[in-house]
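The structure file start11.cif is reproduced below (mmCIF, C-alpha atoms).
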data_upload
#
loop_
_atom_site.label_atom_id
_atom_site.label_comp_id
_atom_site.auth_asym_id
_atom_site.auth_seq_id
_atom_site.Cartn_x
_atom_site.Cartn_y
_atom_site.Cartn_z
CA MET O 28 27.93 0.64 -1.62
CA CYS O 29 26.69 -1.06 1.48
CA LEU O 30 24.32 -3.94 1.32
CA LEU O 31 22.32 -6.05 3.70
CA ARG O 32 22.32 -9.73 2.94
CA LEU O 33 19.61 -11.74 4.64
CA LEU O 34 20.88 -15.08 5.85
CA ARG O 35 18.49 -17.78 6.97
CA SER O 36 19.16 -19.09 10.44
CA ARG O 37 17.30 -21.60 12.51
CA ALA O 38 16.08 -21.08 16.02
CA LYS O 39 13.82 -23.36 17.96
CA GLY O 40 10.46 -21.96 18.87
CA ARG O 41 7.84 -23.28 21.19
CA ARG O 42 7.34 -26.98 21.29
CA ASN O 43 4.01 -28.38 22.35
CA ARG O 44 3.54 -32.01 23.21
CA SER O 45 0.47 -34.07 23.88
CA HIS O 46 0.68 -37.81 24.30
CA LYS O 47 -1.93 -40.43 23.70
CA ARG O 48 -1.03 -44.03 24.20
CA TYR O 49 -1.97 -46.18 21.19
CA GLY O 50 -2.78 -43.01 19.32
CA PRO O 51 -1.13 -40.02 17.68
CA SER O 52 0.63 -37.21 19.47
CA LEU O 53 2.01 -33.98 18.10
CA ARG O 54 5.29 -32.21 18.51
CA THR O 55 5.68 -28.86 16.81
CA ASN O 56 9.20 -27.55 16.40
CA CYS O 57 9.03 -23.93 15.31
CA MET O 58 12.01 -23.05 13.15
CA ARG O 59 12.05 -19.28 13.16
CA ARG O 60 13.36 -17.56 10.12
CA GLY O 61 15.89 -15.19 11.56
CA LEU O 62 16.64 -12.64 8.84
CA ALA O 63 20.12 -11.59 9.59
CA LEU O 64 21.67 -8.43 8.39
CA ALA O 65 25.00 -9.49 7.01
CA SER O 66 26.44 -7.05 4.55
CA LEU O 67 29.52 -5.94 2.75
CA ALA O 68 30.62 -2.35 3.20
CA LEU O 69 32.22 -1.25 -0.05
CA VAL O 70 33.61 2.28 0.02
CA VAL O 71 32.51 4.52 -2.83
CA LEU O 72 35.37 6.81 -3.68
CA LEU O 73 33.69 10.10 -4.55
CA ALA O 74 35.53 12.75 -6.45
CA GLY O 75 37.04 15.54 -4.42
CA CYS O 76 37.97 16.03 -0.81
CA GLY O 77 38.70 18.86 1.51
CA GLY O 78 36.63 21.34 3.46
CA SER O 79 34.63 23.17 0.81
CA LEU O 80 32.40 22.46 -2.16
CA PRO O 81 33.65 23.30 -5.67
CA GLU O 82 33.16 26.88 -6.70
CA PRO O 83 30.83 27.66 -9.63
CA VAL O 84 32.48 28.03 -13.04
CA ASP O 85 29.96 30.46 -14.54
CA GLY O 86 30.91 33.50 -12.54
CA GLY O 87 28.13 33.08 -9.97
CA THR O 88 28.42 33.75 -6.27
CA ALA O 89 31.02 31.58 -4.60
CA THR O 90 29.82 28.98 -2.14
CA PRO O 91 30.70 30.11 1.39
CA ALA O 92 33.47 28.14 3.01
CA TRP O 93 32.25 25.49 5.46
CA THR O 94 32.97 26.57 9.01
CA GLY O 95 31.29 23.69 10.77
CA ASP O 96 32.70 20.36 11.89
CA PRO O 97 35.45 19.34 9.44
CA ASP O 98 34.45 15.66 9.78
CA ASN O 99 31.04 16.36 8.24
CA PRO O 100 31.29 15.30 4.57
CA TYR O 101 27.94 16.90 3.73
CA ARG O 102 29.18 20.37 4.75
CA GLU O 103 25.70 21.11 6.04
CA GLN O 104 24.36 21.01 9.55
CA THR O 105 20.81 20.07 8.54
CA LEU O 106 20.10 17.47 5.89
CA THR O 107 16.78 17.38 4.05
CA VAL O 108 15.29 13.88 3.80
CA ALA O 109 12.64 12.84 1.29
CA LEU O 110 10.87 9.52 1.09
CA ALA O 111 9.14 7.62 -1.66
CA ASP O 112 6.88 4.57 -1.47
CA GLU O 113 7.74 3.13 -4.87
CA VAL O 114 5.61 0.03 -4.26
CA GLY O 115 2.42 1.95 -3.50
CA THR O 116 1.70 0.13 -0.25
CA ASP O 117 -0.18 3.12 1.23
CA ARG O 118 1.69 2.43 4.45
CA ASP O 119 2.64 5.50 6.48
CA TYR O 120 6.42 5.28 6.54
CA ALA O 121 7.02 8.84 7.73
CA PRO O 122 6.88 8.04 11.49
CA LEU O 123 9.33 5.15 11.00
CA VAL O 124 11.75 7.32 9.05
CA GLN O 125 11.43 10.07 11.64
CA GLU O 126 12.21 7.61 14.43
CA ALA O 127 15.40 6.55 12.68
CA LEU O 128 16.38 10.19 12.01
CA ASP O 129 15.78 11.10 15.66
CA TYR O 130 18.00 8.20 16.67
CA TRP O 131 20.97 9.57 14.73
CA GLU O 132 20.35 13.20 15.67
CA GLN O 133 20.87 12.13 19.27
CA ARG O 134 23.89 9.91 18.57
CA SER O 135 25.75 11.11 15.46
CA ALA O 136 28.24 13.25 17.40
CA GLU O 137 29.13 10.29 19.62
CA TYR O 138 29.38 7.62 16.94
CA ALA O 139 29.93 9.37 13.60
CA GLY O 140 32.18 12.05 15.04
CA TYR O 141 30.08 15.05 14.02
CA PRO O 142 26.60 16.36 14.91
CA ILE O 143 23.84 16.21 12.31
CA GLU O 144 20.25 17.36 12.11
CA TYR O 145 17.55 16.21 9.73
CA GLU O 146 14.45 17.81 8.26
CA LEU O 147 11.98 15.26 6.93
CA ARG O 148 10.16 16.66 3.92
CA ALA O 149 8.60 13.65 2.24
CA ASN O 150 8.07 15.32 -1.14
CA ALA O 151 11.24 17.39 -1.31
CA THR O 152 12.52 17.67 -4.88
CA ASP O 153 16.18 18.34 -4.05
CA PRO O 154 16.87 16.39 -0.83
CA ASP O 155 20.23 15.51 0.62
CA VAL O 156 18.98 12.00 1.42
CA ARG O 157 16.17 10.13 -0.27
CA VAL O 158 14.66 7.05 1.41
CA ARG O 159 13.09 4.77 -1.18
CA PHE O 160 10.82 1.92 -0.13
CA VAL O 161 11.09 -0.75 -2.83
CA GLU O 162 9.71 -4.24 -3.41
CA THR O 163 13.07 -5.92 -3.96
CA ILE O 164 16.73 -4.95 -4.16
CA ASP O 165 18.31 -6.86 -7.03
CA SER O 166 21.72 -5.21 -6.99
CA CYS O 167 23.75 -3.57 -4.25
CA GLY O 168 27.37 -4.21 -5.01
CA HIS O 169 27.10 -8.00 -4.88
CA ASP O 170 26.41 -10.87 -7.24
CA GLY O 171 22.70 -11.12 -6.43
CA THR O 172 22.92 -14.47 -4.66
CA GLN O 173 22.15 -12.92 -1.27
CA LEU O 174 18.72 -11.82 -0.13
CA THR O 175 19.01 -8.07 0.33
CA ALA O 176 16.79 -5.98 2.59
CA GLY O 177 18.48 -2.60 2.44
CA CYS O 178 21.10 -0.67 0.52
CA ALA O 179 22.79 2.72 1.00
CA PRO O 180 26.03 4.50 0.08
CA TYR O 181 28.87 4.30 2.57
CA VAL O 182 29.73 8.00 2.92
CA THR O 183 33.12 8.76 4.44
CA ASP O 184 34.29 11.82 2.49
CA GLY O 185 32.92 14.74 0.54
CA PRO O 186 31.71 16.30 -1.63
CA VAL O 187 28.72 13.99 -1.44
CA ASP O 188 26.80 13.00 -4.58
CA ARG O 189 23.25 13.97 -3.68
CA PRO O 190 20.79 12.69 -2.94
CA ALA O 191 22.25 9.81 -0.99
CA ASN O 192 19.77 7.09 -1.94
CA VAL O 193 18.73 4.70 0.81
CA ARG O 194 16.70 1.71 -0.40
CA ILE O 195 14.59 -0.31 2.05
CA GLU O 196 12.57 -3.39 1.18
CA THR O 197 8.91 -3.27 2.11
CA GLY O 198 7.09 -6.02 3.98
CA TYR O 199 8.88 -5.89 7.34
CA ASP O 200 7.19 -4.97 10.59
CA ASN O 201 7.69 -1.55 12.14
CA ALA O 202 10.52 -2.51 14.49
CA SER O 203 12.47 -4.27 11.73
CA THR O 204 11.88 -1.42 9.29
CA VAL O 205 13.21 1.10 11.82
CA LEU O 206 16.25 -1.10 12.41
CA LEU O 207 16.90 -1.28 8.66
CA LEU O 208 16.59 2.50 8.41
CA GLN O 209 18.92 3.08 11.36
CA HIS O 210 21.45 0.63 9.92
CA GLU O 211 21.45 2.13 6.43
CA LEU O 212 21.45 5.74 7.64
CA GLY O 213 24.42 4.79 9.79
CA HIS O 214 26.30 3.93 6.60
CA THR O 215 25.45 7.35 5.15
CA LEU O 216 27.17 8.77 8.24
CA GLY O 217 30.30 6.76 7.53
CA LEU O 218 29.75 3.92 10.00
CA SER O 219 30.75 0.36 9.13
CA HIS O 220 29.78 -2.97 10.65
CA ASP O 221 32.75 -2.81 13.00
CA ASP O 222 31.58 0.46 14.52
CA GLU O 223 29.40 1.21 17.51
CA PRO O 224 26.53 1.08 18.28
CA ARG O 225 26.78 -2.63 17.56
CA ASP O 226 23.09 -3.33 18.15
CA VAL O 227 22.38 -1.20 15.06
CA MET O 228 25.52 -1.51 12.94
CA SER O 229 26.30 -5.17 13.58
CA ALA O 230 26.34 -7.36 10.49
CA GLN O 231 23.74 -9.69 11.99
CA ALA O 232 20.29 -9.07 13.40
CA LYS O 233 16.84 -10.62 13.13
CA LEU O 234 14.13 -9.07 10.98
CA TYR O 235 10.47 -9.97 11.04
CA THR O 236 7.83 -9.44 8.41
CA LEU O 237 4.40 -7.93 8.75
CA PRO O 238 1.83 -10.44 10.10
CA GLN O 239 1.19 -13.36 7.78
CA PRO O 240 -1.45 -16.13 7.85
CA ASP O 241 -0.39 -19.10 9.96
CA ALA O 242 0.12 -22.46 8.31
CA THR O 243 -3.10 -23.75 9.87
CA GLU O 244 -4.98 -20.93 8.11
CA ARG O 245 -3.65 -21.72 4.64
CA ALA O 246 -5.16 -24.14 2.15
CA LEU O 247 -1.59 -25.02 1.15
CA PRO O 248 0.81 -24.50 4.06
CA TRP O 249 3.84 -25.66 2.06
CA ALA O 250 5.95 -23.58 -0.32
CA SER O 251 4.98 -25.92 -3.17
CA PRO O 252 2.25 -28.53 -3.73
CA ASP O 253 4.90 -30.91 -5.09
CA LEU O 254 6.24 -32.69 -2.01
CA THR O 255 8.88 -35.36 -1.59
CA TYR O 256 8.84 -38.20 0.89
CA ALA O 257 11.18 -40.87 2.22
CA VAL O 258 10.36 -43.98 4.26
CA ASP O 259 12.65 -45.94 6.56
CA TYR O 260 11.41 -49.53 6.73
CA ASP O 261 14.30 -50.82 8.86
CA GLY O 262 12.01 -51.18 11.86
CA VAL O 263 9.55 -53.35 9.92
CA ALA O 264 9.87 -57.12 9.81
CA PRO O 265 10.86 -58.28 6.29
CA SER O 266 7.67 -60.30 5.99
CA GLU O 267 5.57 -57.16 6.66
CA ARG O 268 7.38 -54.64 4.47
CA ASP O 269 5.38 -55.08 1.28
CA ALA O 270 2.09 -54.72 3.13
CA THR O 271 3.42 -51.73 5.07
CA ARG O 272 4.60 -50.10 1.85
CA ARG O 273 1.12 -50.49 0.37
CA GLN O 274 -0.34 -48.90 3.49
CA VAL O 275 1.98 -45.88 3.24
CA GLU O 276 1.38 -45.40 -0.47
CA ALA O 277 -2.39 -45.70 -0.02
CA ALA O 278 -2.36 -43.07 2.73
CA LEU O 279 -0.30 -40.62 0.70
CA GLY O 280 -2.40 -41.33 -2.37
CA TYR O 281 -5.53 -40.47 -0.38
CA ILE O 282 -4.05 -37.10 0.63
CA ALA O 283 -2.84 -36.38 -2.91
CA ALA O 284 -6.34 -37.10 -4.23
CA GLY O 285 -7.72 -34.31 -2.02
CA ALA O 286 -8.61 -36.26 1.15
CA ASP O 287 -12.34 -35.95 0.53
CA GLY O 288 -12.07 -32.26 -0.32
CA THR O 289 -9.95 -31.20 2.65
CA VAL O 290 -6.61 -30.88 0.82
CA PRO O 291 -5.87 -29.06 -2.47
CA GLU O 292 -6.14 -31.53 -5.35
CA ASN O 293 -2.87 -30.43 -7.00
CA VAL O 294 -0.72 -31.96 -4.23
CA THR O 295 1.78 -34.61 -5.32
CA PHE O 296 4.18 -36.89 -3.44
CA THR O 297 7.41 -38.11 -5.02
CA ARG O 298 9.55 -40.65 -3.22
CA VAL O 299 13.25 -39.88 -2.72
CA ALA O 300 15.97 -42.05 -1.23
CA ASP O 301 17.62 -39.36 0.90
CA PRO O 302 15.54 -38.34 3.97
CA GLU O 303 17.47 -35.08 4.14
CA ARG O 304 15.88 -34.09 0.82
CA ALA O 305 12.36 -35.12 1.79
CA ASN O 306 9.52 -32.90 2.93
CA VAL O 307 7.84 -35.87 4.60
CA THR O 308 9.74 -38.64 6.35
CA VAL O 309 8.17 -41.78 7.76
CA ARG O 310 10.05 -44.02 10.17
CA PHE O 311 9.00 -47.31 11.72
CA ALA O 312 10.76 -47.77 15.04
CA ASP O 313 10.97 -50.14 17.98
CA SER O 314 10.46 -47.40 20.57
CA ASP O 315 8.19 -44.40 20.56
CA PRO O 316 9.95 -41.04 21.11
CA CYS O 317 6.64 -39.44 22.08
CA SER O 318 5.00 -41.78 24.56
CA GLU O 319 5.22 -45.20 26.10
CA GLY O 320 3.65 -48.09 24.24
CA GLY O 321 2.57 -48.29 20.62
CA GLY O 322 1.27 -45.42 18.57
CA SER O 323 2.66 -42.63 16.46
CA CYS O 324 3.84 -39.07 16.65
CA GLY O 325 4.54 -36.25 14.26
CA SER O 326 6.98 -33.37 14.22
CA LEU O 327 6.49 -30.30 12.05
CA ARG O 328 9.17 -27.84 11.08
CA GLY O 329 8.74 -24.68 9.12
CA LEU O 330 9.22 -20.94 8.95
CA ASP O 331 7.98 -18.20 11.24
CA PRO O 332 8.95 -15.02 9.37
CA ASP O 333 6.63 -12.72 11.34
CA GLY O 334 7.94 -13.89 14.73
CA ASP O 335 4.56 -14.73 16.28
CA ASP O 336 5.72 -18.18 17.51
CA ALA O 337 3.41 -19.91 15.01
CA LEU O 338 4.63 -21.47 11.78
CA GLU O 339 3.53 -19.67 8.63
CA THR O 340 4.70 -22.41 6.25
CA TYR O 341 5.87 -25.99 6.75
CA SER O 342 9.08 -27.37 5.36
CA GLN O 343 9.37 -30.78 6.99
CA LEU O 344 7.02 -33.33 8.52
CA SER O 345 8.54 -36.27 10.41
CA ILE O 346 6.28 -39.22 11.26
CA THR O 347 7.26 -42.04 13.62
CA VAL O 348 5.14 -45.19 13.88
CA VAL O 349 5.76 -47.73 16.64
CA GLY O 350 4.29 -51.10 17.58
CA LEU O 351 1.12 -51.07 15.46
CA ASP O 352 -0.56 -53.78 13.48
CA THR O 353 0.34 -53.66 9.82
CA GLU O 354 -3.26 -52.85 8.87
CA ALA O 355 -3.30 -49.71 11.05
CA ARG O 356 -0.01 -48.17 9.89
CA GLY O 357 -1.50 -46.42 6.88
CA TRP O 358 -4.09 -44.66 9.03
CA HIS O 359 -1.40 -43.14 11.25
CA VAL O 360 0.62 -41.99 8.25
CA GLY O 361 -2.50 -40.47 6.74
CA TYR O 362 -3.46 -38.78 9.99
CA TRP O 363 -0.13 -37.04 10.39
CA THR O 364 0.08 -36.10 6.75
CA ALA O 365 -3.34 -34.46 7.03
CA ARG O 366 -2.07 -32.58 10.08
CA GLY O 367 0.76 -31.44 7.83
CA PHE O 368 -1.86 -29.57 5.82
CA GLY O 369 -3.12 -27.68 8.84
CA LEU O 370 -6.14 -29.88 9.46
CA ARG O 371 -7.23 -30.18 13.08
CA GLY O 372 -10.23 -31.74 14.84
CA GLU O 373 -13.40 -31.51 12.77
CA GLU O 374 -11.38 -30.19 9.83
CA LEU O 375 -9.90 -33.66 9.33
CA PRO O 376 -11.63 -35.91 6.80
CA ALA O 377 -14.03 -38.37 8.43
CA PRO O 378 -11.84 -41.49 8.25
CA LEU O 379 -8.95 -39.70 9.96
CA ARG O 380 -11.15 -38.41 12.77
CA SER O 381 -12.20 -41.90 13.74
CA SER O 382 -11.04 -43.55 16.96
CA ASP O 383 -12.62 -46.88 15.96
CA PRO O 384 -9.88 -49.53 15.67
CA ASP O 385 -11.85 -51.30 12.97
CA VAL O 386 -11.94 -48.15 10.83
CA ARG O 387 -8.24 -47.58 11.33
CA ARG O 388 -7.53 -51.15 10.19
CA SER O 389 -9.85 -50.98 7.21
CA GLU O 390 -9.18 -49.71 3.72
CA TRP O 391 -10.42 -46.32 4.90
CA TRP O 392 -8.81 -44.50 1.95
CA ARG O 393 -11.26 -45.92 -0.59
#
Go ahead and render the structure in this file as structure tokens.
Amino acid sequence: MCLLRLLRSRAKGRRNRSHKRYGPSLRTNCMRRGLALASLALVVLLAGCGGSLPEPVDGGTATPAWTGDPDNPYREQTLTVALADEVGTDRDYAPLVQEALDYWEQRSAEYAGYPIEYELRANATDPDVRVRFVETIDSCGHDGTQLTAGCAPYVTDGPVDRPANVRIETGYDNASTVLLLQHELGHTLGLSHDDEPRDVMSAQAKLYTLPQPDATERALPWASPDLTYAVDYDGVAPSERDATRRQVEAALGYIAAGADGTVPENVTFTRVADPERANVTVRFADSDPCSEGGGSCGSLRGLDPDGDDALETYSQLSITVVGLDTEARGWHVGYWTARGFGLRGEELPAPLRSSDPDVRRSEWWR
């Protein structure tokens, strides 16, 4: 069997910066979810070999000897292809399958070593190849620990057990779906990951999903409402740490309580010691990485599975606070945490929209 394992990789997306001295500024680091095709090609040893199919044993008419290309394990010039949408998405997959079939009709002689033609008959009952669009692929010759987007037999010899079943996960955009189809059909032609064309058969490539709502459009832009946070107080004078800690906890408590109806009320924050394990990190520093002078800045990381250069979900929010009065630190932590829930401008709760220094230094969370 041949499988496609999806490996998560990180790639920087667009970064936007806006600086406001003595105020917050935003940096967005878009971590694109590159779904890489990385698979194992396991050869299925099918019974039989040679240039002809077995003859019938019931006295029927003998199957004519194959006179075509001896490298063709199917012993047929034209293969019938059926397709099935087993998820019931009502998506028209036929043009995507046809595009992939056309690709190999034009290139099979060059890369597979023999010419092939296809006839797409979606509802064929006895096809040579059946393309099945499925919700998930739980097993494809591996232990199930990899995320699998496609699966097909690796056909190198005949007679071929028909139909050759090609499974493709639904949910990817048209270009990625065609690439998956081309890749898996390539395996049914005997091509491995070491073979040309590398842009199709390579073990790594990026896949993108169908369009998804951006993080700023979601009530909960995180994978879970149960978030972890870590705070680095090294940049805070020892005499100010208790007060600063109360400010941070009050700000996060305000967000967890729903932030006046702007944040889902099931959000929780649990403190962890290791910043690498935290969804939200807060750091108090001597210098501002975003602008000159005192203020704060935030950096959001997340996933962009549909490749539109906008994060669909957040995975990490980093907040840096520099040179502010102790009484104002909680406001800046609250502001950036609210931004971490997709709130912008008038969407922010009233206290976190305020530019009044007195409000920012008050117990605004009450």
Just want the 9 Å neighbourhood of segment 372-384 of chain O, counted on all atoms listed in the file, with same-chain residues fewer than 6 positions away dropped. Output as a PDB file with C-alpha atoms, in the frame of the given file.
ATOM      1  CA  GLY O  50      -2.780 -43.010  19.320  1.00  0.00           C
ATOM      2  CA  ALA O 286      -8.610 -36.260   1.150  1.00  0.00           C
ATOM      3  CA  ASP O 287     -12.340 -35.950   0.530  1.00  0.00           C
ATOM      4  CA  GLY O 288     -12.070 -32.260  -0.320  1.00  0.00           C
ATOM      5  CA  THR O 289      -9.950 -31.200   2.650  1.00  0.00           C
ATOM      6  CA  ALA O 355      -3.300 -49.710  11.050  1.00  0.00           C
ATOM      7  CA  TRP O 358      -4.090 -44.660   9.030  1.00  0.00           C
ATOM      8  CA  HIS O 359      -1.400 -43.140  11.250  1.00  0.00           C
ATOM      9  CA  GLY O 361      -2.500 -40.470   6.740  1.00  0.00           C
ATOM     10  CA  TYR O 362      -3.460 -38.780   9.990  1.00  0.00           C
ATOM     11  CA  ALA O 365      -3.340 -34.460   7.030  1.00  0.00           C
ATOM     12  CA  ARG O 366      -2.070 -32.580  10.080  1.00  0.00           C
ATOM     13  CA  TRP O 391     -10.420 -46.320   4.900  1.00  0.00           C
ATOM     14  CA  TRP O 392      -8.810 -44.500   1.950  1.00  0.00           C
TER      15      TRP O 392
END
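Those residues positioned at most 12 Å from (22.1, 12.7, 15.7) are Gln104, Thr105, Leu106, Gln125, Glu126, Ala127, Leu128, Asp129, Tyr130, Trp131, Glu132, Gln133, Arg134, Ser135, Ala136, Glu137, Tyr138, Ala139, Gly140, Tyr141, Pro142, Ile143, Glu144, Tyr145, Glu146, Gln209, Leu212, Gly213 and Leu216 of chain O, judged using all atoms listed in the file.
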Carefully work through the PyMOL selection byres ((chain O and resi 237) around 6) for this structure and note down the residues it includes, as a compact mmCIF listing (two decimals) with C-alpha atoms, in the frame of the given file.
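Final file, selection-v8.txt:
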# COMPACT_ATOMS: atom_id res chain seq x y z
CA GLY O 198 7.09 -6.02 3.98
CA TYR O 199 8.88 -5.89 7.34
CA ASP O 200 7.19 -4.97 10.59
CA THR O 236 7.83 -9.44 8.41
CA PRO O 238 1.83 -10.44 10.10
CA ASP O 333 6.63 -12.72 11.34
Can you measure atom CA of Asp352 of chain O to atom CA of Gly325 of chain O for me? One decimal in Å is fine.
18.3 Å
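Among O:Asn201, O:Thr107, O:Gln239, O:Asn99, the residue with the shortest atom-to-atom distance to Ala337 of chain O, counting only C-alpha atoms, is O:Gln239.
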Which is closest to Val307 of chain O among O:Phe160, O:Tyr341, O:Tyr260, O:Trp93, if we use all atoms listed in the file?
O:Tyr341
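One distance worth recording is that between atom CA of Asp222 of chain O and atom CA of Val158 of chain O, which is 22.4 Å.
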Can you translate the PyMOL selection byres ((chain O and resi 253) around 6) into the concrete residues it hits in this file, as a ChimeraX atom specification?
/O:251-252,254,294-295
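Shortest separation to Leu327 of chain O among O:Ala242, O:Ala277, O:Leu351, O:Val161 occurs at residue O:Ala242, atoms counted being all atoms listed in the file.
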For a quick check of understanding, using all atoms listed in the file, which of O:Asp119, O:Asp331, O:Asp385, O:Glu103 has the smallest distance to Tyr235 of chain O?
O:Asp331
Applying the PyMOL selection byres ((chain O and resi 298) around 8) to the file I just gave you, which residues come out? Please list them as a ChimeraX atom specification.
/O:255-257,296-297,299-300,305
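If you measure from each of O:Leu147, O:Ala312, O:Val227, O:Cys324 to Leu110 of chain O using all atoms listed in the file, the closest one turns out to be O:Leu147.
Computed from the coordinates, the atom CA of Ala109 of chain O to atom CA of Arg194 of chain O distance equals 12.0 Å.
Of the listed residues O:Ala202, O:Cys178, O:Val360, O:Val114, the one whose atoms come nearest to Ile282 of chain O is O:Val360, with distances taken using all atoms listed in the file.
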